[in-house]
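Peer 1: Got structure.csv for you, CSV, C-alpha atoms:
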```
chain,number,residue,atom,x,y,z
A,22,MET,CA,-14.3,-17.3,12.5
A,23,GLY,CA,-12.5,-15.8,15.4
A,24,PHE,CA,-10.7,-17.1,18.5
A,25,LEU,CA,-12.8,-19.3,20.8
A,26,GLU,CA,-14.2,-17.2,23.6
A,27,ALA,CA,-12.0,-19.1,26.1
A,28,ASP,CA,-9.0,-17.8,24.2
A,29,ARG,CA,-9.9,-14.1,23.9
A,30,ASN,CA,-7.8,-11.7,25.7
A,31,VAL,CA,-6.1,-14.5,27.6
A,32,ARG,CA,-2.4,-14.9,27.1
A,33,ASP,CA,-0.2,-17.5,28.7
A,34,THR,CA,3.5,-16.7,27.9
A,35,ASP,CA,4.1,-20.4,27.4
A,36,LEU,CA,1.7,-20.7,24.5
A,37,GLY,CA,4.4,-20.4,21.9
A,38,THR,CA,4.2,-18.2,18.8
A,39,GLU,CA,0.8,-17.5,17.2
A,40,ILE,CA,0.2,-16.8,13.6
A,41,VAL,CA,-3.2,-15.5,12.5
A,42,VAL,CA,-4.1,-14.5,9.0
A,43,THR,CA,-6.3,-11.5,9.7
A,44,GLY,CA,-7.1,-10.7,6.1
A,45,THR,CA,-7.2,-13.0,3.0
A,46,GLY,CA,-8.8,-10.7,0.5
A,47,VAL,CA,-7.8,-9.0,-2.7
A,48,PRO,CA,-8.5,-5.4,-4.0
A,49,SER,CA,-12.1,-6.1,-4.8
A,50,ILE,CA,-14.5,-5.5,-1.9
A,51,ASP,CA,-15.7,-8.6,-0.1
A,52,PRO,CA,-17.4,-8.4,3.3
A,53,ALA,CA,-16.2,-11.9,4.1
A,54,ARG,CA,-12.6,-11.2,3.5
A,55,ALA,CA,-10.6,-8.3,4.9
A,56,GLY,CA,-7.6,-6.9,3.1
A,57,ALA,CA,-4.1,-8.3,3.5
A,58,GLY,CA,-2.9,-8.9,7.1
A,59,VAL,CA,-1.0,-11.3,9.2
A,60,LEU,CA,-0.6,-11.2,13.0
A,61,VAL,CA,2.3,-12.8,14.8
A,62,ARG,CA,2.5,-12.9,18.6
A,63,HIS,CA,5.2,-14.3,20.8
A,64,ASP,CA,4.9,-13.6,24.6
A,65,ASP,CA,4.5,-9.9,24.9
A,66,VAL,CA,5.7,-9.0,21.4
A,67,VAL,CA,2.8,-8.5,19.0
A,68,LEU,CA,3.5,-7.7,15.3
A,69,HIS,CA,1.2,-7.1,12.3
A,70,PHE,CA,2.1,-7.4,8.6
A,71,ASP,CA,0.3,-5.1,6.2
A,72,ALA,CA,-2.9,-3.2,6.8
A,73,GLY,CA,-5.5,-3.9,4.2
A,74,ARG,CA,-9.2,-3.1,4.4
A,75,ALA,CA,-10.8,-3.7,7.9
A,76,THR,CA,-7.4,-4.7,9.4
A,77,ALA,CA,-8.2,-3.0,12.7
A,78,ALA,CA,-11.5,-4.8,13.1
A,79,ARG,CA,-10.0,-8.2,12.4
A,80,VAL,CA,-7.2,-7.6,14.9
A,81,VAL,CA,-9.8,-6.9,17.5
A,82,GLU,CA,-11.7,-10.0,16.5
A,83,ALA,CA,-8.5,-12.0,17.0
A,84,GLY,CA,-8.5,-10.9,20.6
A,85,VAL,CA,-5.8,-8.2,20.3
A,86,ASP,CA,-6.1,-4.5,21.1
A,87,VAL,CA,-4.6,-2.4,18.4
A,88,ALA,CA,-2.7,-0.5,21.2
A,89,ASP,CA,-0.9,-3.7,22.0
A,90,ILE,CA,0.8,-4.0,18.7
A,91,ASP,CA,4.5,-3.2,18.8
A,92,ALA,CA,5.2,-2.8,15.1
A,93,LEU,CA,3.4,-2.8,11.8
A,94,PHE,CA,5.2,-3.9,8.7
A,95,ILE,CA,4.4,-3.0,5.1
A,96,THR,CA,5.3,-5.3,2.2
A,97,HIS,CA,4.5,-2.8,-0.6
A,98,HIS,CA,2.2,0.1,-1.4
A,99,HIS,CA,-0.6,-1.5,-3.3
A,100,SER,CA,-3.9,-0.2,-1.9
A,101,ASP,CA,-5.2,-3.6,-0.7
A,102,HIS,CA,-2.1,-3.8,1.6
A,103,VAL,CA,-2.2,-0.3,3.1
A,104,ILE,CA,-5.7,1.2,2.8
A,105,GLY,CA,-6.5,0.1,6.4
A,106,LEU,CA,-3.6,2.0,7.9
A,107,HIS,CA,-5.7,5.1,8.3
A,108,ASP,CA,-8.3,3.3,10.4
A,109,PHE,CA,-5.6,1.4,12.4
A,110,LEU,CA,-3.8,4.6,13.4
A,111,ILE,CA,-6.8,6.8,14.1
A,112,GLY,CA,-8.5,4.0,16.0
A,113,ARG,CA,-5.3,3.6,18.1
A,114,TRP,CA,-5.2,7.3,18.9
A,115,VAL,CA,-9.0,7.7,19.7
A,116,GLU,CA,-8.9,4.7,22.1
A,117,ASP,CA,-5.9,6.0,24.0
A,118,ASP,CA,-7.9,8.2,26.4
A,119,LEU,CA,-5.0,8.7,28.7
A,120,GLY,CA,-2.3,9.3,26.1
A,121,VAL,CA,-0.3,6.3,27.3
A,122,THR,CA,-0.2,4.0,24.3
A,123,PRO,CA,3.4,3.1,23.5
A,124,THR,CA,5.0,4.3,20.3
A,125,LEU,CA,4.1,2.2,17.2
A,126,ASP,CA,6.9,1.3,14.9
A,127,ILE,CA,5.9,1.3,11.2
A,128,VAL,CA,8.5,-0.6,9.2
A,129,ALA,CA,8.4,-0.2,5.4
A,130,PRO,CA,10.8,-0.3,2.4
A,131,ASN,CA,12.0,3.2,1.5
A,132,GLY,CA,10.2,4.6,-1.5
A,133,PRO,CA,6.5,4.5,-2.3
A,134,SER,CA,5.7,2.7,0.9
A,135,THR,CA,7.3,5.1,3.2
A,136,ARG,CA,5.9,8.0,1.2
A,137,TYR,CA,2.4,6.6,1.5
A,138,CYS,CA,2.9,6.4,5.3
A,139,ARG,CA,4.0,10.0,5.5
A,140,ASN,CA,1.1,11.1,3.4
A,141,THR,CA,-1.3,9.2,5.6
A,142,PHE,CA,0.1,10.9,8.7
A,143,ALA,CA,-0.4,14.3,7.1
A,144,LEU,CA,-3.9,13.5,5.8
A,145,TRP,CA,-5.3,13.2,9.3
A,146,ALA,CA,-3.6,16.2,10.9
A,147,ASP,CA,-6.7,18.4,10.7
A,148,ASP,CA,-8.9,15.8,12.2
A,149,LEU,CA,-6.5,15.1,15.1
A,150,ASP,CA,-5.9,18.8,15.7
A,151,VAL,CA,-9.6,19.4,16.3
A,152,ARG,CA,-10.0,16.3,18.4
A,153,ALA,CA,-7.0,17.3,20.5
A,154,SER,CA,-8.2,20.9,21.0
A,155,HIS,CA,-11.5,19.5,22.3
A,156,ASN,CA,-10.2,16.9,24.7
A,157,GLY,CA,-6.9,18.5,25.7
A,158,ARG,CA,-4.7,15.7,24.4
A,159,SER,CA,-1.7,15.8,22.1
A,160,ALA,CA,-2.5,15.4,18.4
A,161,ASP,CA,0.6,13.3,17.9
A,162,ILE,CA,-0.3,9.8,16.6
A,163,ASN,CA,2.9,8.6,18.3
A,164,VAL,CA,4.4,6.5,15.5
A,165,ARG,CA,8.0,6.0,14.4
A,166,LEU,CA,8.4,5.4,10.7
A,167,MET,CA,11.4,3.0,10.2
A,168,GLY,CA,12.3,2.9,6.5
A,169,PHE,CA,14.9,0.5,5.1
A,170,ASP,CA,16.6,0.1,1.8
A,171,VAL,CA,15.8,-3.0,-0.2
A,172,PRO,CA,18.9,-4.7,-1.6
A,173,ALA,CA,19.2,-4.1,-5.3
A,174,ASP,CA,20.9,-7.5,-5.6
A,175,PRO,CA,18.3,-10.2,-5.2
A,176,THR,CA,21.0,-12.6,-4.0
A,177,ALA,CA,22.0,-10.3,-1.1
A,178,ASP,CA,21.5,-11.4,2.5
A,179,LEU,CA,18.2,-10.6,4.2
A,180,VAL,CA,18.2,-7.3,6.0
A,181,GLU,CA,17.3,-7.2,9.8
A,182,VAL,CA,14.7,-4.4,10.1
A,183,TRP,CA,13.3,-4.8,13.6
A,184,SER,CA,13.9,-6.7,16.9
A,185,LYS,CA,12.6,-6.8,20.4
A,186,GLY,CA,13.7,-9.3,23.1
A,187,GLN,CA,14.0,-12.7,21.4
A,188,VAL,CA,12.0,-11.7,18.3
A,189,LYS,CA,13.8,-10.6,15.1
A,190,VAL,CA,12.3,-9.6,11.8
A,191,LEU,CA,14.2,-9.7,8.5
A,192,ALA,CA,13.2,-8.5,5.1
A,193,GLY,CA,14.1,-9.3,1.5
A,194,PRO,CA,13.0,-8.4,-2.0
A,195,VAL,CA,10.3,-10.3,-3.8
A,196,ARG,CA,9.1,-10.3,-7.5
A,197,HIS,CA,6.0,-8.2,-7.8
A,198,GLU,CA,7.1,-6.1,-10.8
A,199,PRO,CA,6.1,-3.5,-11.9
A,200,VAL,CA,5.7,-2.7,-8.2
A,201,ALA,CA,9.0,-1.3,-7.0
A,202,LYS,CA,10.6,-2.3,-3.7
A,203,ALA,CA,8.1,-5.0,-2.8
A,204,VAL,CA,9.3,-7.2,0.1
A,205,GLY,CA,8.5,-10.2,2.2
A,206,TYR,CA,9.4,-10.7,5.8
A,207,ARG,CA,10.9,-13.4,8.0
A,208,VAL,CA,10.1,-13.6,11.7
A,209,GLU,CA,12.4,-15.5,14.0
A,210,THR,CA,11.3,-16.4,17.5
A,211,PRO,CA,12.5,-19.0,20.0
A,212,ASP,CA,9.7,-21.3,18.8
A,213,GLY,CA,10.5,-21.2,15.1
A,214,VAL,CA,10.5,-19.2,11.9
A,215,ILE,CA,7.6,-17.7,10.0
A,216,ALA,CA,8.0,-16.4,6.4
A,217,ILE,CA,5.4,-14.0,4.9
A,218,SER,CA,5.6,-13.7,1.2
A,219,GLY,CA,3.7,-10.5,0.5
A,220,ASP,CA,2.6,-10.3,-3.1
A,221,THR,CA,5.0,-12.0,-5.4
A,222,ARG,CA,5.6,-14.5,-8.1
A,223,VAL,CA,7.2,-17.8,-7.0
A,224,CYS,CA,10.9,-17.0,-7.1
A,225,PRO,CA,14.3,-17.7,-5.5
A,226,GLU,CA,13.8,-14.6,-3.3
A,227,VAL,CA,10.9,-16.2,-1.5
A,228,ALA,CA,12.9,-19.3,-1.1
A,229,ALA,CA,15.5,-17.2,0.7
A,230,LEU,CA,12.9,-15.9,3.1
A,231,ALA,CA,11.4,-19.4,3.6
A,232,ALA,CA,14.6,-21.5,4.0
A,233,GLY,CA,14.2,-23.4,7.2
A,234,ALA,CA,10.8,-21.9,8.0
A,235,ASP,CA,8.2,-23.7,10.1
A,236,VAL,CA,5.3,-21.7,8.7
A,237,VAL,CA,5.0,-19.9,5.4
A,238,VAL,CA,2.2,-17.5,4.7
A,239,TYR,CA,2.0,-17.4,0.9
A,240,GLU,CA,-0.2,-15.4,-1.5
A,241,ALA,CA,-1.8,-17.8,-3.9
A,242,MET,CA,-3.3,-17.6,-7.4
A,243,ARG,CA,-4.9,-20.4,-9.5
A,244,THR,CA,-3.2,-19.1,-12.7
A,245,GLN,CA,-5.2,-21.1,-15.3
A,246,LEU,CA,-8.5,-19.8,-13.9
A,247,ILE,CA,-7.2,-16.2,-14.2
A,248,LEU,CA,-6.1,-16.9,-17.8
A,249,ASP,CA,-9.6,-18.3,-18.5
A,250,LEU,CA,-11.0,-14.8,-17.7
A,251,ALA,CA,-11.2,-11.9,-20.1
A,252,GLU,CA,-8.0,-11.1,-21.8
A,253,GLU,CA,-7.8,-7.7,-20.2
A,254,LEU,CA,-7.4,-9.4,-16.8
A,255,HIS,CA,-4.5,-11.6,-17.8
A,256,PHE,CA,-2.0,-9.1,-16.4
A,257,ILE,CA,-3.0,-10.4,-13.0
A,258,ALA,CA,-1.1,-13.6,-13.8
A,259,ASP,CA,2.1,-11.7,-14.4
A,260,TYR,CA,2.9,-10.9,-10.7
A,261,HIS,CA,1.3,-13.4,-8.4
A,262,ALA,CA,2.2,-16.8,-7.1
A,263,ASP,CA,0.9,-19.8,-8.9
A,264,THR,CA,-0.5,-22.6,-6.7
A,265,VAL,CA,1.2,-25.5,-8.4
A,266,ASP,CA,4.6,-23.6,-8.4
A,267,ILE,CA,4.1,-22.9,-4.7
A,268,GLY,CA,3.6,-26.6,-4.0
A,269,ARG,CA,6.8,-27.4,-5.9
A,270,GLN,CA,8.9,-24.7,-4.1
A,271,MET,CA,7.6,-25.6,-0.6
A,272,ALA,CA,8.2,-29.3,-1.2
A,273,GLU,CA,11.8,-28.5,-2.1
A,274,LEU,CA,12.2,-26.4,1.0
A,275,GLU,CA,10.5,-29.1,3.2
A,276,VAL,CA,8.3,-26.4,4.9
A,277,PRO,CA,6.0,-28.2,7.3
A,278,THR,CA,3.1,-25.8,7.3
A,279,LEU,CA,1.7,-23.6,4.6
A,280,LEU,CA,-1.0,-21.0,4.9
A,281,LEU,CA,-2.4,-19.6,1.6
A,282,THR,CA,-3.8,-16.1,1.5
A,283,HIS,CA,-4.7,-13.3,-1.0
A,284,LEU,CA,-6.6,-16.1,-2.8
A,285,LEU,CA,-7.1,-15.4,-6.6
A,286,PRO,CA,-9.7,-15.8,-7.8
A,287,THR,CA,-11.6,-15.5,-4.5
A,288,PRO,CA,-13.1,-18.9,-3.7
A,289,ARG,CA,-16.9,-18.8,-3.1
A,290,THR,CA,-17.5,-22.5,-2.1
A,291,PRO,CA,-15.7,-25.2,-0.1
A,292,GLU,CA,-14.9,-26.9,-3.3
A,293,ALA,CA,-13.2,-23.8,-4.7
A,294,LYS,CA,-11.1,-23.5,-1.5
A,295,GLN,CA,-10.2,-27.2,-1.8
A,296,ALA,CA,-9.0,-26.6,-5.3
A,297,PHE,CA,-6.3,-24.3,-4.0
A,298,VAL,CA,-5.1,-27.1,-1.8
A,299,ASP,CA,-5.3,-29.7,-4.6
A,300,ASP,CA,-3.2,-27.5,-6.8
A,301,VAL,CA,-0.5,-27.2,-4.2
A,302,ARG,CA,-0.5,-31.0,-3.7
A,303,SER,CA,-0.2,-31.5,-7.4
A,304,GLY,CA,3.1,-29.5,-7.2
A,305,GLY,CA,4.4,-32.2,-4.9
A,306,TYR,CA,3.8,-30.6,-1.5
A,307,GLY,CA,3.0,-33.1,1.3
A,308,GLY,CA,2.9,-30.9,4.4
A,309,SER,CA,0.0,-29.2,6.1
A,310,VAL,CA,-1.7,-26.7,3.8
A,311,THR,CA,-4.7,-24.4,4.4
A,312,ALA,CA,-6.5,-22.1,2.0
A,313,CYS,CA,-7.3,-19.6,4.7
A,314,ASP,CA,-10.4,-17.7,5.6
A,315,ASP,CA,-9.9,-14.6,7.7
A,316,LEU,CA,-8.6,-15.4,11.2
A,317,ASP,CA,-7.4,-18.9,10.4
A,318,GLY,CA,-4.0,-19.6,11.9
A,319,VAL,CA,-1.6,-21.9,13.7
A,320,THR,CA,0.5,-21.8,16.8
A,321,ILE,CA,4.2,-22.9,16.9
A,322,VAL,CA,5.0,-24.6,20.2
A,323,GLY,CA,8.4,-25.6,21.3
A,324,ASP,CA,10.2,-27.8,18.8
A,325,SER,CA,8.1,-26.4,16.0
A,326,ARG,CA,8.8,-29.1,13.4
A,327,SER,CA,7.0,-31.6,15.7
A,328,GLY,CA,4.9,-29.1,17.7
A,329,ILE,CA,2.7,-27.0,15.5
A,330,GLU,CA,-0.8,-26.8,16.9
A,331,ARG,CA,-3.4,-25.9,14.4
A,332,ARG,CA,-5.8,-23.2,15.6
A,333,THR,CA,-8.4,-22.8,13.0
A,334,ILE,CA,-10.2,-20.1,14.9
```
Could you spell out this file's structure in structure tokens?
Peer 2:
Amino acid sequence: MGFLEADRNVRDTDLGTEIVVTGTGVPSIDPARAGAGVLVRHDDVVLHFDAGRATAARVVEAGVDVADIDALFITHHHSDHVIGLHDFLIGRWVEDDLGVTPTLDIVAPNGPSTRYCRNTFALWADDLDVRASHNGRSADINVRLMGFDVPADPTADLVEVWSKGQVKVLAGPVRHEPVAKAVGYRVETPDGVIAISGDTRVCPEVAALAAGADVVVYEAMRTQLILDLAEELHFIADYHADTVDIGRQMAELEVPTLLLTHLLPTPRTPEAKQAFVDDVRSGGYGGSVTACDDLDGVTIVGDSRSGIERRTI
């Protein structure tokens, strides 16, 4: 797990667009799986999606300094997608000895997600004040919260929420009811398109995010196994993406590369991981599919439909 030593902290601007699944876990605590997170890097643009448990540590394991991240995107306010935001922000401030780290954009759907971000900023004010008074620095964590409205009409066009240079990020609603204002993201770079589902059922809204995508990072649940658990846990099946349905949808969209994350139930053996892949195959999907561990990923190079380099790292 982790980039090969030869790759750490070395960045050739011709390497294409890297996608690293920094966290594949679920709300339950698992030392082998960090909370939800996806890193996307193209040239000098570095983005991270969600901030689950241990996000900051996994980003560093991936060879990226948290200070180098331009923007952090939130899909929804469930704890396993945002609980690592505290550590990420405070770690970024503490390591910025000279006070020169650029402003971090935090992009989130207006509502519970932006409210959580504001509450997080306020929660650490006393800690930062005392640190700043001791070392003579500003207590400002230097972030810009960029809230956006989620279209009420699920058939509406995706909303552009952030851009820098040749990289553009769009957002659209997904189906994670009863969670309000949950979104997925679509990243467009010169090398190709990456879709990140967030937490959702398989639905037309995800298809809109993933249309023409080269890589889709999709949450995945083996529904029948969940239904075989105690009845009080069956609610989990109401708002997550079934593996067989994922395979059917991705086959219809002809997506070449699929990375499965947020694996439910958490696989504990190689055979259990393979079962996620087998389910997707049974839905008709014939492309490249990985049931990810933390820090698995791929790189899109050039003509992405024929130039995806797997970097299982």
Peer 1: At what distance in Å, to one decimal, does atom CA of Ile321 of chain A lie from atom CA of His63 of chain A?
Peer 2: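 A separation of 9.5 Å between them.
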Peer 1: Which of these residues is nearest to His102 of chain A, using all atoms listed in the file: A:Leu166, A:Val121, A:Val237, A:Val204?
Peer 2: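 Comparing A:Leu166, A:Val121, A:Val237, A:Val204 against His102 of chain A, the winner is A:Val204.
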Peer 1: For Pro277 of chain A, which residue among A:Cys313, A:Ala231, A:Val265, A:Val180 is the nearest when counting all atoms listed in the file?
Peer 2: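 Once distances to Pro277 of chain A are computed over all atoms listed in the file, the minimum belongs to A:Ala231.
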Peer 1: Between atom CA of Ala83 of chain A and atom CA of Ile215 of chain A, what is the distance in Å, rounded to a tenth?
Peer 2: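 Distance between the two atoms: 18.5 Å.
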Peer 1: Between A:Gly44, A:Pro194, A:Pro123, A:Pro286, single out the one closest to Val59 of chain A, counting all atoms listed in the file.
Peer 2: A:Gly44
Peer 1: Would you mind telling me which residue in A:Ala216, A:Leu246, A:Gly233, A:Val200 lies nearest to Tyr260 of chain A when using only C-alpha atoms?
Peer 2: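 Distance minimum relative to Tyr260 of chain A lands on A:Val200.
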Peer 1: What is the atom CA of Ser134 of chain A-atom CA of Asp91 of chain A distance in Å, reported with one decimal?
Peer 2: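 Taking atom CA of Ser134 of chain A and atom CA of Asp91 of chain A, their separation equals 18.9 Å.
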Peer 1: Restricting the calculation to only C-alpha atoms: of A:Ser49, A:Thr43, A:Thr96, A:Thr278, which residue gets closest to Thr76 of chain A?
Peer 2: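 Smallest distance to Thr76 of chain A is found for A:Thr43.
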Peer 1: For Ala203 of chain A, please output as a list in words all residues within 10 Å (counting all atoms listed in the file; exclusion window: fewer than 4 positions along the same chain).
Peer 2: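 Counting all atoms listed in the file, the residues come to Ile95, Thr96, His97, His98, His99, Ala129, Pro130, Gly132, Pro133, Ser134, Val171, Gly193, Pro194, Val195, Arg196, His197, Glu198, Pro199, Ser218, Gly219, Asp220 and Thr221 of chain A.
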Peer 1: Between A:Leu230, A:Val214, A:Gly308, A:Ala296, which has the minimum distance to Gly268 of chain A (counting all atoms listed in the file)?
Peer 2: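 So, comparing all the options, the nearest one is A:Gly308.
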Peer 1: With all atoms listed in the file as the counted atoms, please give the residues lying no more than 7 Å from Val47 of chain A, apart from itself and same-chain residues fewer than 5 positions off, as a PDB file with C-alpha atoms, in the coordinates of the input.
Peer 2:
```pdb
ATOM      1  CA  GLY A  56      -7.600  -6.900   3.100  1.00  0.00           C
ATOM      2  CA  ASP A 101      -5.200  -3.600  -0.700  1.00  0.00           C
ATOM      3  CA  HIS A 283      -4.700 -13.300  -1.000  1.00  0.00           C
TER       4      HIS A 283
END
```
Peer 1: Extract, using only C-alpha atoms, all DNA, RNA and protein residues at most 8 Å from Arg158 of chain A, discarding same-chain residues fewer than 3 positions from it, and format them as a PDB file with C-alpha atoms, in the coordinates of the input.
Peer 2:
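Done, and the output landed in part_27.pdb:
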```pdb
ATOM      1  CA  GLY A 120      -2.300   9.300  26.100  1.00  0.00           C
ATOM      2  CA  ALA A 153      -7.000  17.300  20.500  1.00  0.00           C
ATOM      3  CA  SER A 154      -8.200  20.900  21.000  1.00  0.00           C
TER       4      SER A 154
END
```
Peer 1: (-4.9, -13.9, -15.3) in this file's frame - what residues fall within 7 Å of it? Use only C-alpha atoms and give the answer as a list in words.
Peer 2: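 With a cut-off of 7 Å, the residues come to Thr244, Ile247, Leu248, Leu250, Leu254, His255, Phe256, Ile257 and Ala258 of chain A.
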Peer 1: Which residues, written as an MDAnalysis selection string, have at least one atom at most 9 Å from Ile111 of chain A, with all atoms listed in the file counted and residues fewer than 6 positions away on the same chain left out?
Peer 2: chainID A and resid 145 149 162
Peer 1: Write the selection just made, keeping C-alpha atoms, as a short mmCIF file (atom, residue, chain, number, x, y, z; two decimals), in the coordinates of the input?
Peer 2:
```
data_model
loop_
_atom_site.label_atom_id
_atom_site.label_comp_id
_atom_site.auth_asym_id
_atom_site.auth_seq_id
_atom_site.Cartn_x
_atom_site.Cartn_y
_atom_site.Cartn_z
CA TRP A 145 -5.30 13.20 9.30
CA LEU A 149 -6.50 15.10 15.10
CA ILE A 162 -0.30 9.80 16.60
#
```
